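Okay, model_3.pdb now, which holds PDB, C-alpha atoms, pLDDT in the B column:
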ATOM      1  CA  MET A  22     -17.493 -17.767  28.289  1.00 58.00           C
ATOM      2  CA  HIS A  23     -13.932 -18.178  29.418  1.00 59.00           C
ATOM      3  CA  PRO A  24     -11.857 -14.946  29.743  1.00 62.00           C
ATOM      4  CA  LYS A  25      -9.145 -16.402  27.509  1.00 62.00           C
ATOM      5  CA  PHE A  26     -11.718 -16.722  24.719  1.00 55.00           C
ATOM      6  CA  TYR A  27     -12.479 -12.999  24.979  1.00 59.00           C
ATOM      7  CA  PHE A  28      -8.784 -12.142  24.941  1.00 62.00           C
ATOM      8  CA  PHE A  29      -8.190 -14.265  21.855  1.00 57.00           C
ATOM      9  CA  THR A  30     -11.199 -12.683  20.102  1.00 62.00           C
ATOM     10  CA  ILE A  31      -9.947  -9.175  20.899  1.00 65.00           C
ATOM     11  CA  ILE A  32      -6.494 -10.039  19.530  1.00 64.00           C
ATOM     12  CA  LEU A  33      -8.011 -11.379  16.287  1.00 57.00           C
ATOM     13  CA  VAL A  34     -10.210  -8.302  15.840  1.00 50.00           C
ATOM     14  CA  PHE A  35      -7.219  -6.033  16.525  1.00 61.00           C
ATOM     15  CA  PHE A  36      -5.047  -7.733  13.907  1.00 56.00           C
ATOM     16  CA  GLN A  37      -7.891  -7.762  11.387  1.00 54.00           C
ATOM     17  CA  HIS A  38      -8.246  -3.993  11.847  1.00 48.00           C
ATOM     18  CA  LEU A  39      -4.474  -3.535  11.710  1.00 51.00           C
ATOM     19  CA  SER A  40      -4.185  -5.544   8.505  1.00 48.00           C
ATOM     20  CA  GLN A  41      -6.861  -3.434   6.814  1.00 46.00           C
ATOM     21  CA  THR A  42      -5.326  -0.169   8.016  1.00 45.00           C
ATOM     22  CA  ILE A  43      -1.660  -0.664   7.182  1.00 46.00           C
ATOM     23  CA  ALA A  44      -1.083  -0.775   3.443  1.00 40.00           C
ATOM     24  CA  ASP A  45       1.781  -3.259   3.647  1.00 41.00           C
ATOM     25  CA  VAL A  46      -0.211  -5.994   5.350  1.00 42.00           C
ATOM     26  CA  PRO A  47      -2.815  -7.785   3.234  1.00 41.00           C
ATOM     27  CA  PRO A  48      -6.266  -8.181   4.825  1.00 42.00           C
ATOM     28  CA  LEU A  49      -6.880 -11.451   6.642  1.00 40.00           C
ATOM     29  CA  VAL A  50     -10.275 -11.738   4.958  1.00 40.00           C
ATOM     30  CA  ASP A  51     -10.570 -10.457   1.396  1.00 42.00           C
ATOM     31  CA  GLY A  52     -13.570  -8.367   0.494  1.00 43.00           C
ATOM     32  CA  ILE A  53     -15.942  -9.349  -2.282  1.00 45.00           C
ATOM     33  CA  GLY A  54     -16.318  -7.221  -5.389  1.00 48.00           C
ATOM     34  CA  SER A  55     -14.098  -5.140  -7.636  1.00 69.00           C
ATOM     35  CA  THR A  56     -13.710  -2.041  -5.499  1.00 86.00           C
ATOM     36  CA  LEU A  57     -10.291  -0.637  -4.721  1.00 95.00           C
ATOM     37  CA  GLU A  58      -9.162   2.002  -2.252  1.00 96.00           C
ATOM     38  CA  CYS A  59      -6.092   4.066  -3.106  1.00 97.00           C
ATOM     39  CA  TYR A  60      -4.164   6.820  -1.417  1.00 97.00           C
ATOM     40  CA  LYS A  61      -4.630  10.244  -3.052  1.00 97.00           C
ATOM     41  CA  CYS A  62      -1.953  12.743  -2.108  1.00 97.00           C
ATOM     42  CA  HIS A  63       1.088  14.753  -3.198  1.00 96.00           C
ATOM     43  CA  SER A  64       4.450  14.831  -1.454  1.00 94.00           C
ATOM     44  CA  ASN A  65       3.835  18.461  -0.459  1.00 93.00           C
ATOM     45  CA  ASN A  66       1.214  17.042   1.954  1.00 94.00           C
ATOM     46  CA  PRO A  67       2.409  15.759   5.348  1.00 95.00           C
ATOM     47  CA  GLY A  68       2.697  11.983   5.363  1.00 95.00           C
ATOM     48  CA  CYS A  69       2.939  11.568   1.586  1.00 95.00           C
ATOM     49  CA  GLY A  70       6.568  10.963   0.685  1.00 92.00           C
ATOM     50  CA  GLU A  71       8.382   7.840  -0.425  1.00 90.00           C
ATOM     51  CA  GLU A  72       6.051   6.010   1.945  1.00 91.00           C
ATOM     52  CA  VAL A  73       2.597   7.043   3.123  1.00 94.00           C
ATOM     53  CA  ASN A  74       2.003   7.692   6.806  1.00 94.00           C
ATOM     54  CA  TRP A  75      -1.338   5.942   7.239  1.00 90.00           C
ATOM     55  CA  LEU A  76      -2.073   8.051  10.327  1.00 93.00           C
ATOM     56  CA  LEU A  77      -1.998  11.264   8.272  1.00 95.00           C
ATOM     57  CA  GLN A  78      -3.387  10.066   4.928  1.00 95.00           C
ATOM     58  CA  ARG A  79      -6.524   8.103   4.167  1.00 93.00           C
ATOM     59  CA  ARG A  80      -7.577   5.933   1.267  1.00 96.00           C
ATOM     60  CA  TYR A  81     -10.323   6.797  -1.205  1.00 96.00           C
ATOM     61  CA  LEU A  82     -12.570   4.544  -3.236  1.00 96.00           C
ATOM     62  CA  CYS A  83     -11.555   4.401  -6.897  1.00 94.00           C
ATOM     63  CA  LYS A  84     -14.154   4.294  -9.635  1.00 85.00           C
ATOM     64  CA  GLY A  85     -14.104   2.448 -12.898  1.00 81.00           C
ATOM     65  CA  PHE A  86     -14.602  -1.021 -14.283  1.00 83.00           C
ATOM     66  CA  GLN A  87     -11.112  -2.217 -13.360  1.00 88.00           C
ATOM     67  CA  PRO A  88      -9.723   0.372 -10.931  1.00 94.00           C
ATOM     68  CA  LYS A  89      -5.974   0.744 -10.402  1.00 95.00           C
ATOM     69  CA  CYS A  90      -3.903   2.668  -7.909  1.00 96.00           C
ATOM     70  CA  VAL A  91      -1.012   4.760  -9.205  1.00 96.00           C
ATOM     71  CA  LYS A  92       2.139   6.029  -7.530  1.00 95.00           C
ATOM     72  CA  ILE A  93       4.055   8.569  -9.619  1.00 94.00           C
ATOM     73  CA  ILE A  94       7.656   9.418  -8.861  1.00 92.00           C
ATOM     74  CA  ASP A  95       8.021  12.734 -10.684  1.00 92.00           C
ATOM     75  CA  ARG A  96      11.696  13.489 -11.275  1.00 88.00           C
ATOM     76  CA  GLU A  97      11.367  15.741 -14.319  1.00 80.00           C
ATOM     77  CA  THR A  98       8.833  18.483 -13.559  1.00 77.00           C
ATOM     78  CA  TYR A  99      10.428  20.234 -10.556  1.00 73.00           C
ATOM     79  CA  GLY A 100      14.004  18.942 -10.670  1.00 78.00           C
ATOM     80  CA  THR A 101      13.489  17.176  -7.357  1.00 86.00           C
ATOM     81  CA  GLU A 102      11.747  13.908  -6.558  1.00 90.00           C
ATOM     82  CA  GLN A 103       8.014  14.440  -5.979  1.00 93.00           C
ATOM     83  CA  TYR A 104       5.449  11.743  -5.191  1.00 95.00           C
ATOM     84  CA  VAL A 105       1.889  11.783  -6.487  1.00 96.00           C
ATOM     85  CA  ARG A 106      -0.639   9.078  -5.602  1.00 97.00           C
ATOM     86  CA  GLY A 107      -4.170   8.486  -6.769  1.00 97.00           C
ATOM     87  CA  CYS A 108      -6.573   6.485  -8.896  1.00 97.00           C
ATOM     88  CA  LEU A 109      -5.751   5.793 -12.531  1.00 95.00           C
ATOM     89  CA  ASP A 110      -9.021   7.219 -13.868  1.00 93.00           C
ATOM     90  CA  GLU A 111      -8.318  10.578 -12.180  1.00 95.00           C
ATOM     91  CA  LEU A 112      -4.586  10.903 -12.886  1.00 95.00           C
ATOM     92  CA  GLU A 113      -4.600   9.681 -16.491  1.00 94.00           C
ATOM     93  CA  PRO A 114      -6.307  12.785 -17.982  1.00 94.00           C
ATOM     94  CA  ILE A 115      -3.892  15.219 -16.296  1.00 94.00           C
ATOM     95  CA  ARG A 116      -0.659  13.256 -16.921  1.00 94.00           C
ATOM     96  CA  PRO A 117      -0.056  13.124 -20.703  1.00 92.00           C
ATOM     97  CA  ASP A 118       3.347  11.450 -20.224  1.00 90.00           C
ATOM     98  CA  MET A 119       1.786   8.428 -18.458  1.00 93.00           C
ATOM     99  CA  PRO A 120       2.821   5.195 -20.193  1.00 92.00           C
ATOM    100  CA  SER A 121       0.024   3.323 -21.935  1.00 90.00           C
ATOM    101  CA  VAL A 122       1.153   0.110 -20.245  1.00 87.00           C
ATOM    102  CA  ARG A 123      -1.092  -0.442 -17.202  1.00 89.00           C
ATOM    103  CA  GLU A 124       0.234  -3.763 -15.922  1.00 89.00           C
ATOM    104  CA  ASN A 125       1.091  -4.021 -12.236  1.00 92.00           C
ATOM    105  CA  GLY A 126       4.624  -2.829 -11.690  1.00 91.00           C
ATOM    106  CA  CYS A 127       6.670   0.289 -12.357  1.00 91.00           C
ATOM    107  CA  TRP A 128       7.328   1.839 -15.776  1.00 90.00           C
ATOM    108  CA  THR A 129       9.223   4.887 -17.036  1.00 90.00           C
ATOM    109  CA  THR A 130       7.710   7.398 -19.427  1.00 87.00           C
ATOM    110  CA  ASP A 131       9.631   5.737 -22.276  1.00 86.00           C
ATOM    111  CA  TYR A 132       7.991   2.369 -21.430  1.00 83.00           C
ATOM    112  CA  LYS A 133      11.019   0.837 -19.730  1.00 84.00           C
ATOM    113  CA  PHE A 134       9.909  -1.752 -17.174  1.00 85.00           C
ATOM    114  CA  ILE A 135      11.519  -0.926 -13.827  1.00 82.00           C
ATOM    115  CA  GLY A 136      10.158  -3.978 -12.047  1.00 76.00           C
ATOM    116  CA  PRO A 137       7.631  -4.815  -9.380  1.00 76.00           C
ATOM    117  CA  ARG A 138       6.254  -1.942  -7.345  1.00 59.00           C
ATOM    118  CA  GLY A 139       9.025  -0.307  -5.319  1.00 51.00           C
ATOM    119  CA  ASN A 140      11.989  -1.530  -7.352  1.00 49.00           C
ATOM    120  CA  ASP A 141      12.420   1.953  -8.852  1.00 45.00           C
ATOM    121  CA  GLN A 142      14.959   2.444  -6.051  1.00 52.00           C
ATOM    122  CA  ILE A 143      17.142  -0.350  -7.506  1.00 52.00           C
ATOM    123  CA  ILE A 144      17.173   0.740 -11.164  1.00 67.00           C
ATOM    124  CA  HIS A 145      18.114   4.415 -11.190  1.00 74.00           C
ATOM    125  CA  THR A 146      16.591   6.609 -13.840  1.00 79.00           C
ATOM    126  CA  SER A 147      16.120  10.325 -14.331  1.00 83.00           C
ATOM    127  CA  LYS A 148      12.730   9.711 -15.988  1.00 87.00           C
ATOM    128  CA  ASN A 149       9.363   9.888 -14.257  1.00 90.00           C
ATOM    129  CA  VAL A 150       8.269   6.516 -12.892  1.00 91.00           C
ATOM    130  CA  TYR A 151       4.674   5.271 -12.853  1.00 93.00           C
ATOM    131  CA  CYS A 152       3.800   2.362 -10.571  1.00 93.00           C
ATOM    132  CA  PHE A 153       0.435   0.653 -11.131  1.00 94.00           C
ATOM    133  CA  CYS A 154      -1.208  -1.811  -8.765  1.00 95.00           C
ATOM    134  CA  ASP A 155      -4.549  -3.368  -7.990  1.00 94.00           C
ATOM    135  CA  GLU A 156      -3.687  -6.341  -5.775  1.00 92.00           C
ATOM    136  CA  ARG A 157      -5.042  -4.823  -2.534  1.00 93.00           C
ATOM    137  CA  ASP A 158      -6.400  -1.634  -0.991  1.00 94.00           C
ATOM    138  CA  GLY A 159      -3.716   0.968  -0.390  1.00 94.00           C
ATOM    139  CA  CYS A 160      -1.184  -0.774  -2.622  1.00 95.00           C
ATOM    140  CA  ASN A 161       0.187   2.616  -3.762  1.00 93.00           C
ATOM    141  CA  GLY A 162       1.146   3.549  -0.224  1.00 89.00           C
ATOM    142  CA  ALA A 163       4.711   2.352   0.176  1.00 73.00           C
ATOM    143  CA  VAL A 164       7.784   0.951  -1.414  1.00 62.00           C
ATOM    144  CA  ALA A 165       7.584  -2.787  -1.895  1.00 47.00           C
ATOM    145  CA  VAL A 166       7.881  -4.688   1.367  1.00 42.00           C
ATOM    146  CA  SER A 167       7.905  -8.436   1.562  1.00 37.00           C
ATOM    147  CA  TYR A 168       4.608  -9.755   2.858  1.00 42.00           C
ATOM    148  CA  SER A 169       6.371 -12.660   4.475  1.00 39.00           C
ATOM    149  CA  HIS A 170       8.446 -10.371   6.715  1.00 44.00           C
ATOM    150  CA  ARG A 171       5.443  -8.283   7.759  1.00 52.00           C
ATOM    151  CA  MET A 172       3.237 -11.301   8.324  1.00 51.00           C
ATOM    152  CA  LEU A 173       6.049 -13.030  10.226  1.00 50.00           C
ATOM    153  CA  LEU A 174       6.260 -10.018  12.526  1.00 59.00           C
ATOM    154  CA  VAL A 175       2.478 -10.012  13.118  1.00 63.00           C
ATOM    155  CA  VAL A 176       2.466 -13.757  13.809  1.00 61.00           C
ATOM    156  CA  ALA A 177       5.465 -13.489  16.147  1.00 63.00           C
ATOM    157  CA  ILE A 178       3.886 -10.702  18.212  1.00 76.00           C
ATOM    158  CA  SER A 179       0.579 -12.580  18.355  1.00 72.00           C
ATOM    159  CA  THR A 180       2.312 -15.745  19.481  1.00 71.00           C
ATOM    160  CA  LEU A 181       4.261 -13.928  22.199  1.00 67.00           C
ATOM    161  CA  LEU A 182       1.084 -12.292  23.517  1.00 72.00           C
ATOM    162  CA  LEU A 183      -0.824 -15.565  23.515  1.00 67.00           C
ATOM    163  CA  VAL A 184       1.977 -17.513  25.199  1.00 68.00           C
ATOM    164  CA  LYS A 185       2.364 -14.866  27.868  1.00 74.00           C
ATOM    165  CA  PHE A 186      -1.397 -14.764  28.484  1.00 70.00           C
ATOM    166  CA  PHE A 187      -1.890 -18.540  28.630  1.00 72.00           C
ATOM    167  CA  ARG A 188       1.023 -19.080  31.050  1.00 76.00           C
ATOM    168  CA  HIS A 189      -0.815 -17.297  33.839  1.00 63.00           C
TER     169      HIS A 189
END

Once you've parsed the file, please lay out its structure as structure tokens.
Amino acid sequence: MHPKFYFFTIILVFFQHLSQTIADVPPLVDGIGSTLECYKCHSNNPGCGEEVNWLLQRRYLCKGFQPKCVKIIDRETYGTEQYVRGCLDELEPIRPDMPSVRENGCWTTDYKFIGPRGNDQIIHTSKNVYCFCDERDGCNGAVAVSYSHRMLLVVAISTLLLVKFFRH
């Protein structure tokens, strides 16, 4: 086999691993089945604030027929903004103020729709905010980031590496 083939294969494997590790980048190949991995942490843990540091936190498999990840922005309990992440089936029993609406997006405790995941920063509220998602593993890990910008960055870096390698 040609050495350039091996280089290209290594690059593809690297980006596949990267896309499955970083919560903001969707996997290049979707898995089969209805499993979902979510971050489970509290903002008093290192790496679990507004965004999750994927080097310090790991994802856990959620149970249930239709699992959902949850990101809670708790503004009422302690007087300061606290972040709680986990699986819906585990957080629901211990959070009586959780809205009954479970659609993807962010909701206040009085059922006001904030918007898609992460837009709670745009619409200011003093209420607790519950963000639900199930579109990909680790979806409760960060504020909303445009896929197109992340994917554009990955493609640009890949292209630069490939062009540099094939010039020699």

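Closest approach to Ser64 in chain A from the set A:Arg80, A:Arg96, A:Arg106, A:Lys89 is made by A:Arg106, with distances taken over only C-alpha atoms.
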
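Considering the residues A:Asp131, A:Asp118, A:Glu71, A:Glu124 and counting all atoms listed in the file, Glu102 in chain A has its shortest atom-to-atom contact with A:Glu71.
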
Subject >> Explicit residues for the PyMOL selection byres ((chain A and resi 73) around 12) (as number ranges by chain) >> reply: A: 42-45, 59-64, 66-72, 74-80, 92, 104-106, 159-164

Original post:
Which residues match the PyMOL selection byres ((chain A and resi 116) around 12) in the file above, as JSON, numbers by chain?
Top reply: {"A": [91, 93, 95, 98, 105, 107, 109, 110, 111, 112, 113, 114, 115, 117, 118, 119, 120, 121, 130, 149, 150, 151]}

Original post:
In Å to one decimal, how far is CA of Glu97 in chain A from CA of Ile135 in chain A?
Top reply: 16.7 Å

Size and centre in Å, one decimal, axis-aligned box, all listed range 75-84 of chain A atoms plus 8 Å per side, as JSON:
{"center_x": -7.7, "center_y": 7.8, "center_z": 0.3, "size_x": 28.8, "size_y": 23.0, "size_z": 36.0}

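Straight-line separation from CA of Cys90 in chain A to CA of Cys154 in chain A: 5.3 Å.
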
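The interatomic distance for the pair CA of Thr56 in chain A and CA of Arg157 in chain A works out to 9.6 Å.
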
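Using only C-alpha atoms for every distance, the candidate list A:His145, A:Phe134, A:Asp158, A:Leu182 yields A:Asp158 as the residue closest to Leu57 in chain A.
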